[in-house]
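*Asks:* Here you go, this is structure.txt (compact mmCIF, N, CA and C atoms).
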```
# COMPACT_ATOMS: atom_id res chain seq x y z
N MET A 1414 -14.88 206.79 127.53
CA MET A 1414 -14.67 207.38 126.24
C MET A 1414 -14.61 206.25 125.21
N GLY A 1415 -15.39 206.39 124.19
CA GLY A 1415 -15.45 205.36 123.17
C GLY A 1415 -14.23 205.38 122.25
N ASP A 1416 -14.04 204.27 121.56
CA ASP A 1416 -12.91 204.14 120.65
C ASP A 1416 -12.99 205.14 119.49
N ASP A 1417 -14.20 205.44 119.03
CA ASP A 1417 -14.36 206.38 117.92
C ASP A 1417 -13.89 207.78 118.30
N LEU A 1418 -14.27 208.24 119.49
CA LEU A 1418 -13.85 209.56 119.96
C LEU A 1418 -12.35 209.57 120.19
N TRP A 1419 -11.81 208.52 120.80
CA TRP A 1419 -10.38 208.45 121.05
C TRP A 1419 -9.60 208.46 119.73
N ALA A 1420 -10.12 207.82 118.71
CA ALA A 1420 -9.45 207.81 117.40
C ALA A 1420 -9.35 209.22 116.82
N LEU A 1421 -10.28 210.10 117.15
CA LEU A 1421 -10.22 211.49 116.69
C LEU A 1421 -9.22 212.32 117.50
N ILE A 1422 -9.15 212.05 118.80
CA ILE A 1422 -8.33 212.86 119.70
C ILE A 1422 -6.86 212.45 119.68
N GLU A 1423 -6.59 211.16 119.67
CA GLU A 1423 -5.21 210.67 119.83
C GLU A 1423 -4.20 211.28 118.86
N PRO A 1424 -4.52 211.40 117.56
CA PRO A 1424 -3.52 211.97 116.65
C PRO A 1424 -3.22 213.45 116.90
N LEU A 1425 -4.06 214.12 117.65
CA LEU A 1425 -3.87 215.55 117.91
C LEU A 1425 -2.97 215.81 119.11
N LEU A 1426 -2.68 214.78 119.89
CA LEU A 1426 -1.86 214.95 121.08
C LEU A 1426 -0.39 214.80 120.72
N PRO A 1427 0.47 215.57 121.39
CA PRO A 1427 1.90 215.47 121.09
C PRO A 1427 2.45 214.14 121.56
N PRO A 1428 3.44 213.59 120.84
CA PRO A 1428 4.03 212.31 121.27
C PRO A 1428 4.84 212.48 122.55
N TRP A 1429 4.96 211.41 123.28
CA TRP A 1429 5.76 211.44 124.51
C TRP A 1429 7.23 211.41 124.11
N PRO A 1430 8.08 212.23 124.72
CA PRO A 1430 9.51 212.23 124.37
C PRO A 1430 10.14 210.86 124.65
N GLU A 1431 10.92 210.37 123.70
CA GLU A 1431 11.53 209.05 123.86
C GLU A 1431 12.51 208.99 125.00
N LYS A 1432 13.24 210.07 125.25
CA LYS A 1432 14.25 210.07 126.30
C LYS A 1432 13.74 210.75 127.57
N SER A 1433 12.49 210.53 127.87
CA SER A 1433 11.89 211.13 129.06
C SER A 1433 12.39 210.40 130.31
N PRO A 1434 12.85 211.14 131.33
CA PRO A 1434 13.31 210.49 132.56
C PRO A 1434 12.13 209.95 133.38
N GLY A 1435 12.42 209.03 134.24
CA GLY A 1435 11.41 208.52 135.16
C GLY A 1435 10.69 207.30 134.63
N PRO A 1436 9.68 206.87 135.37
CA PRO A 1436 8.94 205.67 134.99
C PRO A 1436 8.10 205.89 133.75
N ARG A 1437 7.66 204.79 133.18
CA ARG A 1437 6.81 204.85 131.99
C ARG A 1437 5.53 205.62 132.35
N PRO A 1438 5.13 206.55 131.50
CA PRO A 1438 3.98 207.39 131.84
C PRO A 1438 2.65 206.64 131.75
N VAL A 1439 1.66 207.21 132.42
CA VAL A 1439 0.29 206.72 132.31
C VAL A 1439 -0.17 207.00 130.88
N ALA A 1440 -0.91 206.10 130.31
CA ALA A 1440 -1.39 206.26 128.93
C ALA A 1440 -2.18 207.56 128.78
N ASP A 1441 -2.02 208.20 127.63
CA ASP A 1441 -2.73 209.46 127.36
C ASP A 1441 -4.24 209.29 127.50
N ARG A 1442 -4.75 208.17 127.05
CA ARG A 1442 -6.20 207.94 127.12
C ARG A 1442 -6.68 207.93 128.56
N HIS A 1443 -5.92 207.30 129.45
CA HIS A 1443 -6.29 207.28 130.87
C HIS A 1443 -6.21 208.68 131.47
N CYS A 1444 -5.15 209.41 131.12
CA CYS A 1444 -5.02 210.78 131.63
C CYS A 1444 -6.17 211.66 131.16
N LEU A 1445 -6.52 211.55 129.90
CA LEU A 1445 -7.64 212.35 129.40
C LEU A 1445 -8.93 212.02 130.13
N ARG A 1446 -9.16 210.75 130.40
CA ARG A 1446 -10.35 210.37 131.16
C ARG A 1446 -10.30 210.97 132.57
N GLY A 1447 -9.11 210.97 133.19
CA GLY A 1447 -8.96 211.59 134.51
C GLY A 1447 -9.21 213.08 134.48
N ILE A 1448 -8.69 213.74 133.45
CA ILE A 1448 -8.88 215.19 133.29
C ILE A 1448 -10.37 215.50 133.14
N LEU A 1449 -11.03 214.76 132.28
CA LEU A 1449 -12.46 214.99 132.07
C LEU A 1449 -13.27 214.72 133.33
N TYR A 1450 -12.89 213.69 134.08
CA TYR A 1450 -13.57 213.36 135.34
C TYR A 1450 -13.44 214.52 136.33
N VAL A 1451 -12.22 215.03 136.48
CA VAL A 1451 -12.00 216.14 137.42
C VAL A 1451 -12.78 217.38 137.00
N LEU A 1452 -12.72 217.72 135.72
CA LEU A 1452 -13.41 218.92 135.26
C LEU A 1452 -14.92 218.77 135.32
N TYR A 1453 -15.44 217.61 134.92
CA TYR A 1453 -16.88 217.38 134.92
C TYR A 1453 -17.45 217.42 136.34
N ASN A 1454 -16.72 216.83 137.29
CA ASN A 1454 -17.19 216.74 138.67
C ASN A 1454 -16.73 217.91 139.54
N ASP A 1455 -16.02 218.87 138.94
CA ASP A 1455 -15.57 220.06 139.65
C ASP A 1455 -14.80 219.70 140.92
N LEU A 1456 -13.81 218.80 140.75
CA LEU A 1456 -12.99 218.34 141.86
C LEU A 1456 -11.65 219.05 141.87
N ALA A 1457 -11.02 219.07 143.03
CA ALA A 1457 -9.62 219.46 143.10
C ALA A 1457 -8.80 218.30 142.54
N TRP A 1458 -7.69 218.61 141.89
CA TRP A 1458 -6.89 217.55 141.23
C TRP A 1458 -6.50 216.45 142.20
N GLN A 1459 -6.16 216.82 143.43
CA GLN A 1459 -5.70 215.81 144.40
C GLN A 1459 -6.82 214.88 144.85
N LEU A 1460 -8.07 215.17 144.50
CA LEU A 1460 -9.19 214.32 144.90
C LEU A 1460 -9.58 213.29 143.83
N LEU A 1461 -8.83 213.23 142.74
CA LEU A 1461 -9.09 212.20 141.73
C LEU A 1461 -8.80 210.84 142.36
N PRO A 1462 -9.79 209.96 142.43
CA PRO A 1462 -9.60 208.66 143.10
C PRO A 1462 -8.60 207.78 142.34
N LEU A 1463 -7.57 207.34 143.04
CA LEU A 1463 -6.58 206.45 142.44
C LEU A 1463 -7.19 205.11 142.04
N GLU A 1464 -8.25 204.72 142.73
CA GLU A 1464 -8.91 203.44 142.45
C GLU A 1464 -9.48 203.38 141.03
N MET A 1465 -9.66 204.52 140.40
CA MET A 1465 -10.21 204.55 139.05
C MET A 1465 -9.19 204.11 138.01
N GLY A 1466 -7.91 204.08 138.39
CA GLY A 1466 -6.88 203.65 137.47
C GLY A 1466 -6.55 204.65 136.38
N LEU A 1467 -6.79 205.92 136.63
CA LEU A 1467 -6.56 206.96 135.62
C LEU A 1467 -5.30 207.76 135.90
N GLY A 1468 -4.51 207.33 136.84
CA GLY A 1468 -3.35 208.09 137.27
C GLY A 1468 -3.75 209.02 138.41
N SER A 1469 -2.76 209.63 139.01
CA SER A 1469 -3.05 210.55 140.11
C SER A 1469 -3.53 211.88 139.54
N GLY A 1470 -4.11 212.69 140.40
CA GLY A 1470 -4.54 214.02 139.98
C GLY A 1470 -3.36 214.84 139.49
N GLN A 1471 -2.21 214.68 140.15
CA GLN A 1471 -1.02 215.43 139.75
C GLN A 1471 -0.55 214.99 138.36
N THR A 1472 -0.60 213.70 138.10
CA THR A 1472 -0.21 213.19 136.79
C THR A 1472 -1.11 213.76 135.70
N CYS A 1473 -2.41 213.73 135.94
CA CYS A 1473 -3.37 214.24 134.95
C CYS A 1473 -3.20 215.73 134.75
N TRP A 1474 -2.97 216.47 135.84
CA TRP A 1474 -2.78 217.91 135.74
C TRP A 1474 -1.53 218.23 134.93
N ARG A 1475 -0.44 217.50 135.19
CA ARG A 1475 0.80 217.73 134.44
C ARG A 1475 0.63 217.41 132.96
N ARG A 1476 -0.11 216.35 132.66
CA ARG A 1476 -0.33 215.99 131.26
C ARG A 1476 -1.15 217.07 130.56
N LEU A 1477 -2.18 217.58 131.23
CA LEU A 1477 -2.98 218.66 130.66
C LEU A 1477 -2.11 219.88 130.41
N GLU A 1478 -1.25 220.22 131.35
CA GLU A 1478 -0.34 221.35 131.20
C GLU A 1478 0.61 221.13 130.02
N ARG A 1479 1.13 219.92 129.88
CA ARG A 1479 2.03 219.60 128.78
C ARG A 1479 1.31 219.74 127.44
N TRP A 1480 0.09 219.26 127.37
CA TRP A 1480 -0.68 219.37 126.13
C TRP A 1480 -0.98 220.83 125.81
N GLN A 1481 -1.32 221.61 126.82
CA GLN A 1481 -1.61 223.03 126.59
C GLN A 1481 -0.37 223.77 126.10
N GLN A 1482 0.79 223.46 126.68
CA GLN A 1482 2.03 224.10 126.25
C GLN A 1482 2.38 223.73 124.81
N ALA A 1483 1.99 222.53 124.40
CA ALA A 1483 2.25 222.09 123.04
C ALA A 1483 1.22 222.65 122.05
N GLY A 1484 0.18 223.31 122.58
CA GLY A 1484 -0.85 223.90 121.72
C GLY A 1484 -1.92 222.92 121.29
N SER A 1485 -2.03 221.79 121.97
CA SER A 1485 -2.99 220.76 121.57
C SER A 1485 -4.43 221.12 121.90
N SER A 1486 -4.66 221.91 122.92
CA SER A 1486 -6.04 222.14 123.36
C SER A 1486 -6.89 222.79 122.28
N THR A 1487 -6.33 223.71 121.53
CA THR A 1487 -7.14 224.35 120.50
C THR A 1487 -7.41 223.40 119.34
N SER A 1488 -6.50 222.47 119.10
CA SER A 1488 -6.69 221.53 118.01
C SER A 1488 -7.83 220.57 118.27
N TYR A 1489 -7.84 219.94 119.45
CA TYR A 1489 -8.85 218.91 119.65
C TYR A 1489 -10.21 219.48 119.98
N THR A 1490 -10.28 220.66 120.56
CA THR A 1490 -11.62 221.19 120.83
C THR A 1490 -12.33 221.55 119.54
N GLY A 1491 -11.59 222.02 118.57
CA GLY A 1491 -12.20 222.40 117.31
C GLY A 1491 -12.58 221.22 116.43
N SER A 1492 -11.86 220.12 116.55
CA SER A 1492 -12.11 219.00 115.63
C SER A 1492 -13.02 217.93 116.18
N CYS A 1493 -13.27 217.92 117.48
CA CYS A 1493 -14.06 216.81 118.06
C CYS A 1493 -15.48 217.21 118.46
N TRP A 1494 -15.70 218.47 118.64
CA TRP A 1494 -17.01 218.88 119.12
C TRP A 1494 -17.84 219.42 117.96
N PRO A 1495 -19.12 219.06 117.93
CA PRO A 1495 -19.97 219.56 116.84
C PRO A 1495 -20.15 221.07 116.91
N ASN A 1496 -20.38 221.68 115.78
CA ASN A 1496 -20.60 223.13 115.72
C ASN A 1496 -21.99 223.50 116.16
```
Using the file provided, produce a representation of the structure as structure tokens.
*Replies:*
Amino acid sequence: MGDDLWALIEPLLPPWPEKSPGPRPVADRHCLRGILYVLYNDLAWQLLPLEMGLGSGQTCWRRLERWQQAGSSTSYTGSCWPN
């Protein structure tokens, strides 16, 4: 994913809670790349290769779920894709 596309998407994603328990999360950009990889290749989430450095399939799935609950999916699909 290029920097130009990421610059359009990043402001539309909800911020990570400051008092979130657990280890520091995988960067949103890496999770989005993992999500797109899984969806594009029609893989099960658990088959996302860890060697790619995009986080685990479970991490990417949880991030997608968090973004959907925050209502982000409708925002970025409308603003990033051409009509």
*Asks:* Find the residues around stretch 1461-1468 of chain A up to 10 Å (only C-alpha atoms counted), leave out those fewer than 5 positions away in its own chain, and share them as a PyMOL selection string.
*Replies:* chain A and resi 1438-1448+1450-1451+1454+1456+1473-1474
*Asks:* Suppose we keep N, CA and C atoms; can you now write the selection as a PDB file, in the frame of the given file?
*Replies:*
```pdb
ATOM      1  N   PRO A1438       5.130 206.550 131.500  1.00  0.00           N
ATOM      2  CA  PRO A1438       3.980 207.390 131.840  1.00  0.00           C
ATOM      3  C   PRO A1438       2.650 206.640 131.750  1.00  0.00           C
ATOM      4  N   VAL A1439       1.660 207.210 132.420  1.00  0.00           N
ATOM      5  CA  VAL A1439       0.290 206.720 132.310  1.00  0.00           C
ATOM      6  C   VAL A1439      -0.170 207.000 130.880  1.00  0.00           C
ATOM      7  N   ALA A1440      -0.910 206.100 130.310  1.00  0.00           N
ATOM      8  CA  ALA A1440      -1.390 206.260 128.930  1.00  0.00           C
ATOM      9  C   ALA A1440      -2.180 207.560 128.780  1.00  0.00           C
ATOM     10  N   ASP A1441      -2.020 208.200 127.630  1.00  0.00           N
ATOM     11  CA  ASP A1441      -2.730 209.460 127.360  1.00  0.00           C
ATOM     12  C   ASP A1441      -4.240 209.290 127.500  1.00  0.00           C
ATOM     13  N   ARG A1442      -4.750 208.170 127.050  1.00  0.00           N
ATOM     14  CA  ARG A1442      -6.200 207.940 127.120  1.00  0.00           C
ATOM     15  C   ARG A1442      -6.680 207.930 128.560  1.00  0.00           C
ATOM     16  N   HIS A1443      -5.920 207.300 129.450  1.00  0.00           N
ATOM     17  CA  HIS A1443      -6.290 207.280 130.870  1.00  0.00           C
ATOM     18  C   HIS A1443      -6.210 208.680 131.470  1.00  0.00           C
ATOM     19  N   CYS A1444      -5.150 209.410 131.120  1.00  0.00           N
ATOM     20  CA  CYS A1444      -5.020 210.780 131.630  1.00  0.00           C
ATOM     21  C   CYS A1444      -6.170 211.660 131.160  1.00  0.00           C
ATOM     22  N   LEU A1445      -6.520 211.550 129.900  1.00  0.00           N
ATOM     23  CA  LEU A1445      -7.640 212.350 129.400  1.00  0.00           C
ATOM     24  C   LEU A1445      -8.930 212.020 130.130  1.00  0.00           C
ATOM     25  N   ARG A1446      -9.160 210.750 130.400  1.00  0.00           N
ATOM     26  CA  ARG A1446     -10.350 210.370 131.160  1.00  0.00           C
ATOM     27  C   ARG A1446     -10.300 210.970 132.570  1.00  0.00           C
ATOM     28  N   GLY A1447      -9.110 210.970 133.190  1.00  0.00           N
ATOM     29  CA  GLY A1447      -8.960 211.590 134.510  1.00  0.00           C
ATOM     30  C   GLY A1447      -9.210 213.080 134.480  1.00  0.00           C
ATOM     31  N   ILE A1448      -8.690 213.740 133.450  1.00  0.00           N
ATOM     32  CA  ILE A1448      -8.880 215.190 133.290  1.00  0.00           C
ATOM     33  C   ILE A1448     -10.370 215.500 133.140  1.00  0.00           C
ATOM     34  N   TYR A1450     -12.890 213.690 134.080  1.00  0.00           N
ATOM     35  CA  TYR A1450     -13.570 213.360 135.340  1.00  0.00           C
ATOM     36  C   TYR A1450     -13.440 214.520 136.330  1.00  0.00           C
ATOM     37  N   VAL A1451     -12.220 215.030 136.480  1.00  0.00           N
ATOM     38  CA  VAL A1451     -12.000 216.140 137.420  1.00  0.00           C
ATOM     39  C   VAL A1451     -12.780 217.380 137.000  1.00  0.00           C
ATOM     40  N   ASN A1454     -16.720 216.830 137.290  1.00  0.00           N
ATOM     41  CA  ASN A1454     -17.190 216.740 138.670  1.00  0.00           C
ATOM     42  C   ASN A1454     -16.730 217.910 139.540  1.00  0.00           C
ATOM     43  N   LEU A1456     -13.810 218.800 140.750  1.00  0.00           N
ATOM     44  CA  LEU A1456     -12.990 218.340 141.860  1.00  0.00           C
ATOM     45  C   LEU A1456     -11.650 219.050 141.870  1.00  0.00           C
ATOM     46  N   CYS A1473      -2.410 213.730 135.940  1.00  0.00           N
ATOM     47  CA  CYS A1473      -3.370 214.240 134.950  1.00  0.00           C
ATOM     48  C   CYS A1473      -3.200 215.730 134.750  1.00  0.00           C
ATOM     49  N   TRP A1474      -2.970 216.470 135.840  1.00  0.00           N
ATOM     50  CA  TRP A1474      -2.780 217.910 135.740  1.00  0.00           C
ATOM     51  C   TRP A1474      -1.530 218.230 134.930  1.00  0.00           C
TER      52      TRP A1474
END
```
*Asks:* Using atom CA of A:Leu1418 and atom CA of A:Gln1459 as the two end points, give the distance in Å to one decimal.
*Replies:*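 One can read the atom CA of A:Leu1418 to atom CA of A:Gln1459 distance as 26.5 Å.
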*Asks:* Give me, as JSON, numbers by chain, the residues of chain A that a backbone DSSP run labels helix (DSSP H, G or I).
*Replies:* {"A": [1416, 1417, 1418, 1419, 1420, 1421, 1422, 1423, 1424, 1425, 1441, 1442, 1443, 1444, 1445, 1446, 1447, 1448, 1449, 1450, 1451, 1452, 1453, 1454, 1458, 1459, 1460, 1463, 1464, 1465, 1470, 1471, 1472, 1473, 1474, 1475, 1476, 1477, 1478, 1479, 1480, 1481, 1482, 1485, 1486, 1487, 1488, 1489, 1490, 1491, 1492, 1493]}
*Asks:* Extract, using all atoms listed in the file, all DNA, RNA and protein residues at most 8 Å from stretch 1427-1429 of chain A, discarding same-chain residues fewer than 3 positions from it, and format them as a list in words.
*Replies:* Glu1423, Pro1424, Lys1432, Ser1433, Arg1479, Trp1480, Ala1483, Gly1484 and Ser1485 of chain A
*Asks:* State, in Å with one decimal place, the distance from atom CA of A:Asp1417 to atom C of A:Pro1430.
*Replies:*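 If I compute the distance from atom CA of A:Asp1417 to atom C of A:Pro1430, I get 25.8 Å.
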*Asks:* Using atom CA of A:Leu1426 and atom N of A:Leu1460 as the two end points, give the distance in Å to one decimal.
*Replies:*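 Going from atom CA of A:Leu1426 over to atom N of A:Leu1460, I get 24.2 Å.
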*Asks:* Got a minute to add all heavy atoms to stretch 1451-1462 of chain A and dump it as a CSV table (one decimal), in the frame of the given file?
*Replies:*
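Everything below was put into result-v5.csv:
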```
chain,number,residue,atom,x,y,z
A,1451,VAL,N,-12.2,215.0,136.5
A,1451,VAL,CA,-12.0,216.1,137.4
A,1451,VAL,C,-12.8,217.4,137.0
A,1451,VAL,O,-13.4,218.0,137.8
A,1451,VAL,CB,-10.5,216.5,137.5
A,1451,VAL,CG1,-10.2,217.8,138.2
A,1451,VAL,CG2,-9.8,215.3,138.3
A,1452,LEU,N,-12.7,217.7,135.7
A,1452,LEU,CA,-13.4,218.9,135.3
A,1452,LEU,C,-14.9,218.8,135.3
A,1452,LEU,O,-15.6,219.7,135.7
A,1452,LEU,CB,-13.0,219.3,133.8
A,1452,LEU,CG,-11.5,219.6,133.7
A,1452,LEU,CD1,-11.1,219.8,132.2
A,1452,LEU,CD2,-11.1,220.8,134.5
A,1453,TYR,N,-15.4,217.6,134.9
A,1453,TYR,CA,-16.9,217.4,134.9
A,1453,TYR,C,-17.4,217.4,136.3
A,1453,TYR,O,-18.5,218.0,136.6
A,1453,TYR,CB,-17.2,216.0,134.3
A,1453,TYR,CG,-18.7,215.7,134.2
A,1453,TYR,CD1,-19.5,216.3,133.2
A,1453,TYR,CD2,-19.3,214.9,135.1
A,1453,TYR,CE1,-20.8,216.1,133.2
A,1453,TYR,CE2,-20.6,214.6,135.1
A,1453,TYR,CZ,-21.4,215.2,134.1
A,1453,TYR,OH,-22.8,215.0,134.1
A,1454,ASN,N,-16.7,216.8,137.3
A,1454,ASN,CA,-17.2,216.7,138.7
A,1454,ASN,C,-16.7,217.9,139.5
A,1454,ASN,O,-17.0,217.9,140.7
A,1454,ASN,CB,-16.8,215.4,139.3
A,1454,ASN,CG,-17.5,214.3,138.7
A,1454,ASN,OD1,-18.7,214.1,138.8
A,1454,ASN,ND2,-16.8,213.4,137.9
A,1455,ASP,N,-16.0,218.9,138.9
A,1455,ASP,CA,-15.6,220.1,139.6
A,1455,ASP,C,-14.8,219.7,140.9
A,1455,ASP,O,-15.1,220.2,142.0
A,1455,ASP,CB,-16.8,221.0,140.0
A,1455,ASP,CG,-16.3,222.4,140.4
A,1455,ASP,OD1,-15.2,222.8,139.9
A,1455,ASP,OD2,-17.0,223.0,141.1
A,1456,LEU,N,-13.8,218.8,140.8
A,1456,LEU,CA,-13.0,218.3,141.9
A,1456,LEU,C,-11.6,219.0,141.9
A,1456,LEU,O,-11.2,219.5,140.8
A,1456,LEU,CB,-12.7,216.8,141.7
A,1456,LEU,CG,-13.9,215.9,141.8
A,1456,LEU,CD1,-13.3,214.5,141.6
A,1456,LEU,CD2,-14.5,216.0,143.2
A,1457,ALA,N,-11.0,219.1,143.0
A,1457,ALA,CA,-9.6,219.5,143.1
A,1457,ALA,C,-8.8,218.3,142.5
A,1457,ALA,O,-9.2,217.1,142.7
A,1457,ALA,CB,-9.2,219.7,144.5
A,1458,TRP,N,-7.7,218.6,141.9
A,1458,TRP,CA,-6.9,217.6,141.2
A,1458,TRP,C,-6.5,216.4,142.2
A,1458,TRP,O,-6.5,215.3,141.9
A,1458,TRP,CB,-5.6,218.2,140.6
A,1458,TRP,CG,-6.0,219.0,139.4
A,1458,TRP,CD1,-6.0,220.4,139.3
A,1458,TRP,CD2,-6.4,218.5,138.1
A,1458,TRP,NE1,-6.4,220.8,138.1
A,1458,TRP,CE2,-6.6,219.6,137.3
A,1458,TRP,CE3,-6.5,217.3,137.6
A,1458,TRP,CZ2,-7.0,219.6,136.0
A,1458,TRP,CZ3,-6.9,217.2,136.2
A,1458,TRP,CH2,-7.2,218.3,135.5
A,1459,GLN,N,-6.2,216.8,143.4
A,1459,GLN,CA,-5.7,215.8,144.4
A,1459,GLN,C,-6.8,214.9,144.8
A,1459,GLN,O,-6.6,213.9,145.5
A,1459,GLN,CB,-5.0,216.5,145.6
A,1459,GLN,CG,-5.9,217.3,146.5
A,1459,GLN,CD,-5.9,218.8,146.1
A,1459,GLN,OE1,-5.6,219.1,144.9
A,1459,GLN,NE2,-6.1,219.7,147.0
A,1460,LEU,N,-8.1,215.2,144.5
A,1460,LEU,CA,-9.2,214.3,144.9
A,1460,LEU,C,-9.6,213.3,143.8
A,1460,LEU,O,-10.5,212.6,144.0
A,1460,LEU,CB,-10.4,215.2,145.3
A,1460,LEU,CG,-10.2,216.1,146.5
A,1460,LEU,CD1,-11.5,216.9,146.7
A,1460,LEU,CD2,-9.8,215.3,147.7
A,1461,LEU,N,-8.8,213.2,142.7
A,1461,LEU,CA,-9.1,212.2,141.7
A,1461,LEU,C,-8.8,210.8,142.4
A,1461,LEU,O,-7.7,210.6,142.8
A,1461,LEU,CB,-8.2,212.4,140.5
A,1461,LEU,CG,-8.3,211.4,139.4
A,1461,LEU,CD1,-9.7,211.4,138.8
A,1461,LEU,CD2,-7.3,211.6,138.3
A,1462,PRO,N,-9.8,210.0,142.4
A,1462,PRO,CA,-9.6,208.7,143.1
A,1462,PRO,C,-8.6,207.8,142.3
A,1462,PRO,O,-8.8,207.5,141.2
A,1462,PRO,CB,-11.0,208.0,143.1
A,1462,PRO,CG,-11.9,209.1,142.8
A,1462,PRO,CD,-11.2,210.1,142.0
```
